[in-house]
$ cat model.cif   # mmCIF, C-alpha atoms and all ligand atoms
data_run
#
loop_
_atom_site.label_atom_id
_atom_site.label_comp_id
_atom_site.auth_asym_id
_atom_site.auth_seq_id
_atom_site.Cartn_x
_atom_site.Cartn_y
_atom_site.Cartn_z
CA MET A 1387 -5.90 5.80 -5.21
CA GLU A 1388 -6.59 7.80 -8.39
CA MET A 1389 -3.53 8.86 -10.30
CA GLU A 1390 -2.72 10.48 -13.61
CA LYS A 1391 -2.21 7.91 -16.31
CA LEU A 1392 0.76 8.56 -18.54
CA LEU A 1393 0.09 5.57 -20.76
CA GLU A 1394 -2.90 3.29 -21.22
CA VAL A 1395 -2.86 0.03 -23.10
CA HIS A 1396 -6.11 -1.68 -24.01
CA ASN A 1397 -6.51 -5.26 -25.27
CA LEU A 1398 -3.14 -5.34 -26.94
CA SER A 1399 -2.53 -8.54 -28.93
CA LYS A 1400 0.27 -9.68 -31.19
CA GLN A 1401 0.46 -12.57 -33.57
CA PHE A 1402 3.75 -13.05 -35.40
CA GLY A 1403 3.29 -14.04 -39.05
CA ASN A 1404 0.80 -16.87 -39.32
CA SER A 1405 1.90 -18.57 -36.12
CA SER A 1406 -0.99 -20.46 -34.52
CA THR A 1407 -0.61 -18.89 -31.08
CA LYS A 1408 -0.54 -15.26 -30.09
CA ALA A 1409 2.65 -14.01 -28.48
CA LEU A 1410 0.46 -11.49 -26.66
CA GLN A 1411 -3.23 -11.74 -25.91
CA ASP A 1412 -5.56 -8.98 -24.66
CA VAL A 1413 -3.04 -7.22 -22.53
CA SER A 1414 -4.43 -4.16 -20.73
CA PHE A 1415 -2.67 -1.96 -18.20
CA SER A 1416 -1.79 1.62 -17.45
CA LEU A 1417 1.29 3.41 -16.20
CA GLY A 1418 0.81 6.09 -13.56
CA GLU A 1419 2.70 9.32 -14.09
CA GLY A 1420 5.85 9.44 -11.97
CA ARG A 1421 5.58 5.76 -11.01
CA CYS A 1422 8.15 3.05 -11.55
CA THR A 1423 6.57 -0.12 -12.93
CA ALA A 1424 8.21 -3.51 -13.31
CA LEU A 1425 7.12 -5.76 -16.15
CA LEU A 1426 7.83 -9.18 -14.72
CA GLY A 1427 7.65 -12.64 -16.18
CA PRO A 1428 9.68 -15.68 -17.19
CA ASN A 1429 11.51 -15.81 -20.51
CA GLY A 1430 9.07 -15.95 -23.43
CA ALA A 1431 6.22 -14.37 -21.43
CA GLY A 1432 5.91 -11.47 -23.89
CA LYS A 1433 7.77 -8.65 -22.15
CA THR A 1434 9.94 -7.61 -25.09
CA THR A 1435 7.01 -7.88 -27.50
CA THR A 1436 4.96 -5.55 -25.26
CA ILE A 1437 7.81 -3.08 -24.94
CA ARG A 1438 8.55 -3.01 -28.66
CA MET A 1439 4.92 -2.15 -29.34
CA LEU A 1440 4.97 0.63 -26.75
CA THR A 1441 8.04 2.13 -28.37
CA GLY A 1442 6.47 1.98 -31.83
CA LEU A 1443 9.03 -0.51 -33.19
CA LEU A 1444 6.43 -3.26 -33.63
CA MET A 1445 2.84 -2.95 -34.86
CA PRO A 1446 0.15 -4.54 -32.67
CA THR A 1447 -2.16 -7.07 -34.33
CA SER A 1448 -4.99 -5.42 -32.39
CA GLY A 1449 -5.53 -3.18 -29.40
CA THR A 1450 -4.73 0.42 -28.56
CA ILE A 1451 -1.94 2.35 -26.90
CA ARG A 1452 -2.78 5.83 -25.63
CA ILE A 1453 -0.27 8.29 -24.30
CA GLN A 1454 -1.29 11.31 -22.28
CA GLY A 1455 -1.56 14.36 -24.50
CA VAL A 1456 -0.92 12.51 -27.77
CA GLN A 1457 -3.63 12.00 -30.42
CA PRO A 1458 -4.20 8.31 -31.18
CA GLY A 1459 -2.01 7.31 -34.09
CA ALA A 1460 0.29 10.34 -33.76
CA ASP A 1461 4.03 9.81 -33.38
CA HIS A 1462 4.84 9.55 -29.66
CA ARG A 1463 8.45 8.48 -29.92
CA GLY A 1464 9.70 11.86 -28.74
CA LEU A 1465 8.15 11.18 -25.35
CA ILE A 1466 9.86 7.84 -24.85
CA GLY A 1467 13.43 6.95 -24.01
CA TYR A 1468 14.25 3.32 -24.76
CA LEU A 1469 16.96 0.90 -23.70
CA PRO A 1470 16.69 -2.29 -25.78
CA GLN A 1471 17.39 -5.76 -24.36
CA THR A 1472 20.50 -6.14 -26.52
CA PRO A 1473 21.83 -2.69 -27.42
CA ALA A 1474 24.14 -2.51 -30.44
CA PHE A 1475 27.05 -0.08 -30.65
CA HIS A 1476 29.78 0.83 -33.07
CA GLY A 1477 32.76 -0.19 -30.98
CA TRP A 1478 35.04 2.28 -32.75
CA MET A 1479 33.00 5.26 -31.59
CA SER A 1480 33.77 6.94 -28.29
CA GLY A 1481 30.99 7.10 -25.69
CA LEU A 1482 30.73 10.83 -26.19
CA GLU A 1483 30.46 10.50 -29.97
CA PHE A 1484 27.72 7.91 -29.61
CA VAL A 1485 25.54 10.10 -27.40
CA GLN A 1486 26.20 13.20 -29.53
CA TYR A 1487 25.15 11.22 -32.57
CA ALA A 1488 21.90 10.24 -30.80
CA ALA A 1489 21.34 13.88 -29.82
CA GLU A 1490 21.79 15.09 -33.39
CA LEU A 1491 19.45 12.35 -34.62
CA CYS A 1492 16.70 13.81 -32.44
CA GLY A 1493 17.27 17.19 -33.98
CA MET A 1494 19.53 18.89 -31.45
CA GLY A 1495 21.97 21.46 -32.80
CA ARG A 1496 25.68 20.63 -32.68
CA ARG A 1497 26.50 22.87 -29.74
CA ASP A 1498 23.57 21.65 -27.60
CA ALA A 1499 24.33 18.06 -28.53
CA VAL A 1500 27.94 18.35 -27.38
CA GLN A 1501 27.03 20.01 -24.11
CA ARG A 1502 24.12 17.76 -23.20
CA SER A 1503 26.07 14.60 -24.09
CA ALA A 1504 28.91 15.56 -21.78
CA GLU A 1505 26.42 16.35 -19.00
CA LEU A 1506 24.64 13.06 -19.42
CA LEU A 1507 27.79 10.97 -19.39
CA GLU A 1508 28.66 12.64 -16.09
CA ARG A 1509 25.14 11.99 -14.87
CA VAL A 1510 25.33 8.25 -15.57
CA GLY A 1511 28.80 8.07 -14.06
CA ILE A 1512 31.02 7.47 -17.08
CA GLY A 1513 32.12 11.05 -17.73
CA ALA A 1514 35.78 10.16 -17.33
CA ALA A 1515 35.54 7.45 -20.01
CA GLY A 1516 33.69 9.63 -22.53
CA LYS A 1517 36.61 9.88 -24.96
CA ARG A 1518 37.46 6.18 -24.84
CA ARG A 1519 36.29 3.79 -27.52
CA ILE A 1520 33.11 1.86 -26.63
CA ALA A 1521 34.82 -1.42 -27.55
CA GLY A 1522 36.83 -1.10 -24.32
CA TYR A 1523 33.81 -0.50 -22.04
CA SER A 1524 32.61 -3.07 -19.49
CA GLY A 1525 29.03 -4.35 -19.63
CA GLY A 1526 27.95 -1.96 -16.89
CA MET A 1527 29.54 0.99 -18.69
CA LYS A 1528 27.78 0.09 -21.95
CA GLN A 1529 24.47 -0.12 -20.13
CA ARG A 1530 25.12 3.33 -18.60
CA LEU A 1531 26.04 4.70 -22.00
CA CYS A 1532 22.84 3.36 -23.47
CA LEU A 1533 20.91 4.96 -20.63
CA ALA A 1534 22.52 8.31 -21.44
CA GLN A 1535 21.37 7.85 -25.05
CA ALA A 1536 17.83 7.01 -23.87
CA LEU A 1537 17.72 10.19 -21.72
CA ILE A 1538 19.09 12.58 -24.34
CA HIS A 1539 15.72 14.12 -25.32
CA ARG A 1540 14.40 14.35 -21.74
CA PRO A 1541 11.73 11.69 -22.22
CA LYS A 1542 8.59 11.63 -20.08
CA LEU A 1543 8.70 7.84 -20.06
CA LEU A 1544 11.81 5.72 -19.81
CA ILE A 1545 11.38 2.13 -21.02
CA LEU A 1546 14.13 -0.37 -20.24
CA ASP A 1547 14.13 -3.96 -21.44
CA GLU A 1548 16.00 -6.19 -18.97
CA PRO A 1549 18.44 -3.43 -18.02
CA VAL A 1550 20.48 -5.53 -15.59
CA SER A 1551 20.05 -9.13 -16.76
CA ALA A 1552 23.29 -9.30 -18.71
CA LEU A 1553 25.42 -7.61 -16.04
CA ASP A 1554 27.75 -9.03 -13.42
CA PRO A 1555 26.86 -8.25 -9.77
CA ILE A 1556 28.89 -5.02 -9.72
CA GLY A 1557 27.47 -3.71 -12.98
CA ARG A 1558 24.03 -4.70 -11.78
CA ARG A 1559 24.42 -2.77 -8.53
CA ASP A 1560 25.65 0.31 -10.45
CA VAL A 1561 22.72 0.33 -12.84
CA MET A 1562 20.14 -0.38 -10.12
CA GLU A 1563 21.46 2.59 -8.15
CA LEU A 1564 21.24 4.79 -11.19
CA LEU A 1565 17.67 3.70 -11.87
CA GLY A 1566 16.85 4.46 -8.25
CA GLU A 1567 17.95 8.05 -8.89
CA LEU A 1568 16.21 8.32 -12.25
CA LYS A 1569 12.90 7.21 -10.83
CA GLN A 1570 12.79 10.41 -8.79
CA GLU A 1571 12.70 12.36 -12.04
CA THR A 1572 10.76 10.38 -14.60
CA THR A 1573 8.19 7.65 -15.18
CA ILE A 1574 9.88 4.28 -15.67
CA LEU A 1575 8.80 0.94 -17.09
CA PHE A 1576 11.42 -1.78 -16.90
CA SER A 1577 11.21 -5.47 -17.62
CA THR A 1578 12.94 -8.23 -15.73
CA HIS A 1579 12.60 -11.94 -15.16
CA VAL A 1580 14.14 -11.52 -11.70
CA LEU A 1581 11.62 -10.78 -8.99
CA HIS A 1582 14.26 -9.40 -6.68
CA ASP A 1583 15.12 -6.59 -9.14
CA ALA A 1584 11.47 -5.62 -9.32
CA GLU A 1585 11.03 -5.61 -5.55
CA GLU A 1586 14.03 -3.40 -5.08
CA LEU A 1587 12.92 -0.64 -7.39
CA CYS A 1588 9.30 -0.53 -8.39
CA ASP A 1589 6.05 0.91 -7.07
CA ASP A 1590 3.81 -1.16 -9.35
CA VAL A 1591 4.13 -4.59 -10.95
CA LEU A 1592 2.72 -6.21 -14.07
CA ILE A 1593 3.31 -9.95 -14.02
CA MET A 1594 3.07 -11.64 -17.40
CA GLU A 1595 2.76 -15.31 -18.21
CA SER A 1596 2.32 -16.81 -21.69
CA GLY A 1597 1.34 -13.55 -23.35
CA ARG A 1598 -1.19 -12.48 -20.76
CA ILE A 1599 -1.16 -10.32 -17.66
CA ALA A 1600 -1.38 -12.73 -14.73
CA LEU A 1601 -1.38 -10.12 -11.99
CA GLN A 1602 -1.03 -6.36 -11.72
CA GLY A 1603 -1.19 -3.67 -9.11
CA GLN A 1604 0.75 -1.78 -6.49
CA LEU A 1605 3.58 -3.84 -5.09
CA SER A 1606 2.66 -3.01 -1.49
CA GLU A 1607 -0.99 -3.96 -2.00
CA ILE A 1608 -0.18 -7.20 -3.79
CA ARG A 1609 2.22 -8.07 -1.05
CA ALA A 1610 -0.34 -7.39 1.68
CA ALA A 1611 -3.20 -9.15 -0.10
CA ASN A 1612 -1.23 -12.30 -0.82
CA ARG A 1613 0.44 -12.89 2.47
CA ASP A 1614 -0.52 -16.42 3.47
CA PRO A 1615 0.52 -17.81 6.83
CA VAL A 1616 3.14 -20.54 6.39
CA LEU A 1617 5.01 -23.01 8.54
CA LEU A 1618 8.49 -24.08 7.49
CA LEU A 1619 9.46 -27.42 8.85
CA GLU A 1620 12.72 -29.32 8.65
CA ILE A 1621 13.77 -32.66 10.06
CA GLU A 1622 17.18 -34.18 10.57
CA ASN A 1623 18.81 -35.38 7.39
CA GLU A 1624 20.21 -38.68 8.56
CA ALA A 1625 21.44 -41.30 6.15
CA GLY A 1626 19.38 -44.45 6.23
CA SER A 1627 16.66 -42.90 8.39
CA ASP A 1628 13.03 -43.36 7.44
CA ALA A 1629 12.09 -39.96 8.85
CA ARG A 1630 11.65 -38.44 5.39
CA GLU A 1631 9.13 -41.05 4.44
CA ALA A 1632 7.34 -40.54 7.73
CA LEU A 1633 7.29 -36.78 7.11
CA ALA A 1634 5.78 -37.13 3.64
CA LYS A 1635 3.23 -39.65 4.82
CA TRP A 1636 2.20 -37.56 7.79
CA LEU A 1637 1.79 -34.40 5.65
CA GLN A 1638 -0.37 -36.25 3.16
CA ALA A 1639 -2.58 -37.52 5.95
CA LEU A 1640 -2.74 -34.10 7.59
CA ALA A 1641 -3.77 -32.42 4.34
CA LYS A 1642 -6.54 -34.97 3.81
CA GLN A 1643 -8.14 -34.54 7.25
CA ALA A 1644 -11.57 -32.94 7.24
CA ASP A 1645 -11.18 -29.24 8.22
CA SER A 1646 -7.45 -29.62 7.83
CA CYS A 1647 -5.42 -26.76 9.26
CA ILE A 1648 -3.30 -26.72 6.11
CA ILE A 1649 -4.33 -25.45 2.69
CA ARG A 1650 -1.51 -27.24 0.92
CA PHE A 1651 2.05 -28.32 1.50
CA GLU A 1652 5.17 -28.56 -0.60
CA ILE A 1653 8.18 -30.71 0.09
CA ASP A 1654 11.31 -28.84 -0.96
CA PRO A 1655 12.34 -30.36 -4.32
CA LEU A 1656 16.00 -29.98 -3.36
CA ASN A 1657 15.67 -31.25 0.20
CA SER A 1658 13.15 -33.94 1.02
CA CYS A 1659 13.66 -33.24 4.73
CA ALA A 1660 12.16 -29.75 4.42
CA ALA A 1661 8.54 -28.81 3.83
CA LYS A 1662 6.47 -25.67 3.53
CA LEU A 1663 2.93 -25.74 4.87
CA ILE A 1664 0.51 -23.04 3.74
CA VAL A 1665 -2.06 -22.84 6.51
CA HIS A 1666 -5.37 -21.19 7.36
CA ASP A 1667 -4.50 -19.93 10.80
CA ARG A 1668 -1.06 -19.69 12.30
CA SER A 1669 -1.87 -20.36 15.94
CA GLU A 1670 -4.16 -23.27 15.24
CA ALA A 1671 -1.71 -24.82 12.78
CA ARG A 1672 1.17 -24.36 15.21
CA ARG A 1673 -0.75 -26.14 17.97
CA ILE A 1674 -1.78 -29.07 15.77
CA VAL A 1675 1.58 -29.45 14.06
CA LEU A 1676 3.56 -29.34 17.31
CA GLU A 1677 1.23 -31.81 18.95
CA GLN A 1678 1.46 -34.30 16.10
CA LEU A 1679 5.21 -33.88 15.66
CA LEU A 1680 5.70 -34.80 19.29
CA GLU A 1681 3.40 -37.75 18.98
CA LEU A 1682 5.21 -39.01 15.86
CA ASN A 1683 8.56 -38.29 17.43
CA LEU A 1684 9.97 -36.89 14.18
CA PRO A 1685 13.54 -35.49 14.54
CA VAL A 1686 12.60 -31.83 14.00
CA THR A 1687 15.53 -29.45 13.48
CA LYS A 1688 13.57 -26.38 12.50
CA LEU A 1689 10.06 -25.03 12.76
CA GLU A 1690 9.56 -21.50 11.52
CA ILE A 1691 6.26 -19.72 11.57
CA GLY A 1692 5.87 -16.80 9.18
CA TYR A 1693 4.24 -15.59 5.99
CA SER A 1694 4.60 -16.46 2.33
CA THR A 1695 6.85 -14.15 0.31
CA LEU A 1696 6.33 -12.36 -2.97
CA GLU A 1697 8.61 -15.00 -4.49
CA ASP A 1698 6.06 -17.67 -3.51
CA LEU A 1699 3.30 -15.66 -5.18
CA PHE A 1700 5.40 -15.04 -8.29
CA MET A 1701 6.08 -18.76 -8.62
CA LYS A 1702 2.40 -19.47 -8.14
CA VAL A 1703 1.13 -17.05 -10.81
CA VAL A 1704 3.72 -18.13 -13.35
CA ASN A 1705 2.85 -21.76 -12.65
CA ARG A 1706 6.29 -22.70 -11.46
CA GLY A 1707 5.31 -23.28 -7.88
N1 LIG A 1801 9.92 -11.75 -34.21
C1 LIG A 1801 9.28 -12.82 -33.71
N2 LIG A 1801 8.75 -13.76 -34.50
C2 LIG A 1801 8.07 -14.83 -34.00
N3 LIG A 1801 7.88 -15.05 -32.69
C3 LIG A 1801 8.37 -14.14 -31.83
C4 LIG A 1801 9.11 -12.98 -32.29
N4 LIG A 1801 9.47 -12.26 -31.19
C5 LIG A 1801 9.00 -12.95 -30.12
N5 LIG A 1801 8.35 -14.06 -30.49
C6 LIG A 1801 7.68 -15.02 -29.58
O1 LIG A 1801 6.81 -14.30 -28.74
C7 LIG A 1801 6.84 -14.82 -27.42
C8 LIG A 1801 7.20 -13.73 -26.43
O2 LIG A 1801 8.56 -13.37 -26.64
P1 LIG A 1801 9.23 -12.12 -25.92
O3 LIG A 1801 8.31 -10.95 -26.02
O4 LIG A 1801 10.59 -11.95 -26.48
O5 LIG A 1801 9.29 -12.64 -24.41
P2 LIG A 1801 10.15 -12.10 -23.16
O6 LIG A 1801 10.73 -10.78 -23.53
O7 LIG A 1801 9.16 -12.02 -22.05
O8 LIG A 1801 11.20 -13.13 -22.89
C9 LIG A 1801 7.81 -15.98 -27.43
O9 LIG A 1801 7.08 -17.17 -27.59
C10 LIG A 1801 8.65 -15.70 -28.65
O10 LIG A 1801 9.15 -16.89 -29.20
MG MG A 1802 12.68 -10.15 -23.54
#
$ encode --input "model.cif" --output "structure tokens" --more "lines below"
Ligand SMILES: Nc1ncnc2c1ncn2[C@@H]1O[C@H](COP(=O)(O)OP(=O)(O)O)[C@@H](O)[C@H]1O
Ligand SMILES: [Mg+2]
Amino acid sequence: MEMEKLLEVHNLSKQFGNSSTKALQDVSFSLGEGRCTALLGPNGAGKTTTIRMLTGLLMPTSGTIRIQGVQPGADHRGLIGYLPQTPAFHGWMSGLEFVQYAAELCGMGRRDAVQRSAELLERVGIGAAGKRRIAGYSGGMKQRLCLAQALIHRPKLLILDEPVSALDPIGRRDVMELLGELKQETTILFSTHVLHDAEELCDDVLIMESGRIALQGQLSEIRAANRDPVLLLEIENEAGSDAREALAKWLQALAKQADSCIIRFEIDPLNSCAAKLIVHDRSEARRIVLEQLLELNLPVTKLEIGYSTLEDLFMKVVNRG
């Protein structure tokens, strides 16, 4: 599917000082206009570094960033709204004062600034707390306030760095709901190290690992293309039984057979009685596995036949699987 590109990044690299390794290496991607993209990856992958370069706060060592309708090298900050990973506030200010201050900083007149700030605080759901000092806000309220600040100049692109990571479950739910509404109106790029957050909200994903893009594309396509058939198997967890050993031994033998029905298997690191088998063909694997389980007389408590999840894929591409 061809779509308008709002932002295109080509071979972006970043080396901090004279450090021997690059924090970011040859990162290329684009953001489709009106799409919501999740920048995913474990801590240290390079998400914040990427985002800070997009916002103009950090200079790339090499590579280019192009934004639709902006000459290369021209100031594009007016098009971007930005929520940093760790926003800083003056606790003595009220929420309303803070957003008005941001509005005036982007050149809005006093009257407009006052009106738009009040509207935005309503919009993000903290209108009633606008006159209270920020020091008394909860984490979720601060995140909402910062979102209001990021939206003040009606940006074409909203960039959020780990918008929910520091929040408790209620704050998290609030902000996710708000982002769900905002994505109807504007292009969004948000980073997270939690796959579940990405799945809930985004159309497209960029998965980073060690400063590189490990995988990118439409969430639905990635999901469809990486669905491997799996068998989940569990045996009785009896003290003193040798069933676990028998399970491990049998799986090793099964995987080694010529034309084995399984591609690979993993014994659950937290439960040595449970295993996941990634297989070529579900029906064939089911037949063989059931047959052999019966023969071995292993005390099976569960056999589930399904498909691998996006979590499995995420763990695989970030080398944690
Ligand atoms: N200002 C800096 N100076 C030196 N190294 C940095 C700096 N900022 C980030 N890094 C390094 O760059 C890598 C990527 O960091 P970061 O972009 O913050 O990752 P993420 O946001 O995905 O957790 C890490 O190895 C980190 O230590
Ligand atoms: Mg970060």
$ closest_residue --input "model.cif" --among "A:Ile1593, A:Ala1489, A:Ile1512, A:Met1494" --to "ligand LIG 1801 (chain A)" --atoms "all atoms listed in the file"
A:Ile1593
$ closest_residue --input "model.cif" --among "A:Leu1426, A:Ala1639, A:Leu1469, A:Ala1629" --to "ligand LIG 1801 (chain A)" --atoms "all atoms listed in the file"
A:Leu1426
$ closest_residue --input "model.cif" --among "A:Cys1647, A:Ala1552, A:Val1665, A:Leu1506" --to "ligand MG 1802 (chain A)" --atoms "all atoms listed in the file"
A:Ala1552
$ residues_near_ligand --input "model.cif" --ligand "ligand LIG 1801 (chain A)" --cutoff "6 Å" --atoms "all atoms listed in the file" --output "number ranges by chain"
A: 1402, 1409, 1429-1435
$ closest_residue --input "model.cif" --among "A:Ser1406, A:Thr1578, A:Gln1529, A:Gln1570" --to "ligand MG 1802 (chain A)" --atoms "all atoms listed in the file"
A:Thr1578
$ closest_residue --input "model.cif" --among "A:Ala1625, A:Ala1499, A:Leu1546, A:Ala1515" --to "ligand MG 1802 (chain A)" --atoms "all atoms listed in the file"
A:Leu1546
$ atom_distance --input "model.cif" --atom1 "CA of Pro1428 in chain A" --atom2 "CA of Ala1661 in chain A"
24.8 Å
$ atom_distance --input "model.cif" --atom1 "CA of Ile1653 in chain A" --atom2 "CA of Leu1617 in chain A"
11.9 Å
$ residues_near_point --input "model.cif" --point "(3.4, 1.5, -28.9)" --cutoff "12 Å" --atoms "all atoms listed in the file" --output "PyMOL selection string"
chain A and resi 1393-1396+1398-1400+1434-1453+1456+1458-1463+1465-1466+1468+1545
$ closest_residue --input "model.cif" --among "A:Leu1482, A:Cys1492, A:Leu1592, A:Met1701" --to "Leu1417 in chain A" --atoms "only C-alpha atoms"
A:Leu1592
$ atom_distance --input "model.cif" --atom1 "CA of Leu1663 in chain A" --atom2 "CA of Ile1648 in chain A"
6.4 Å
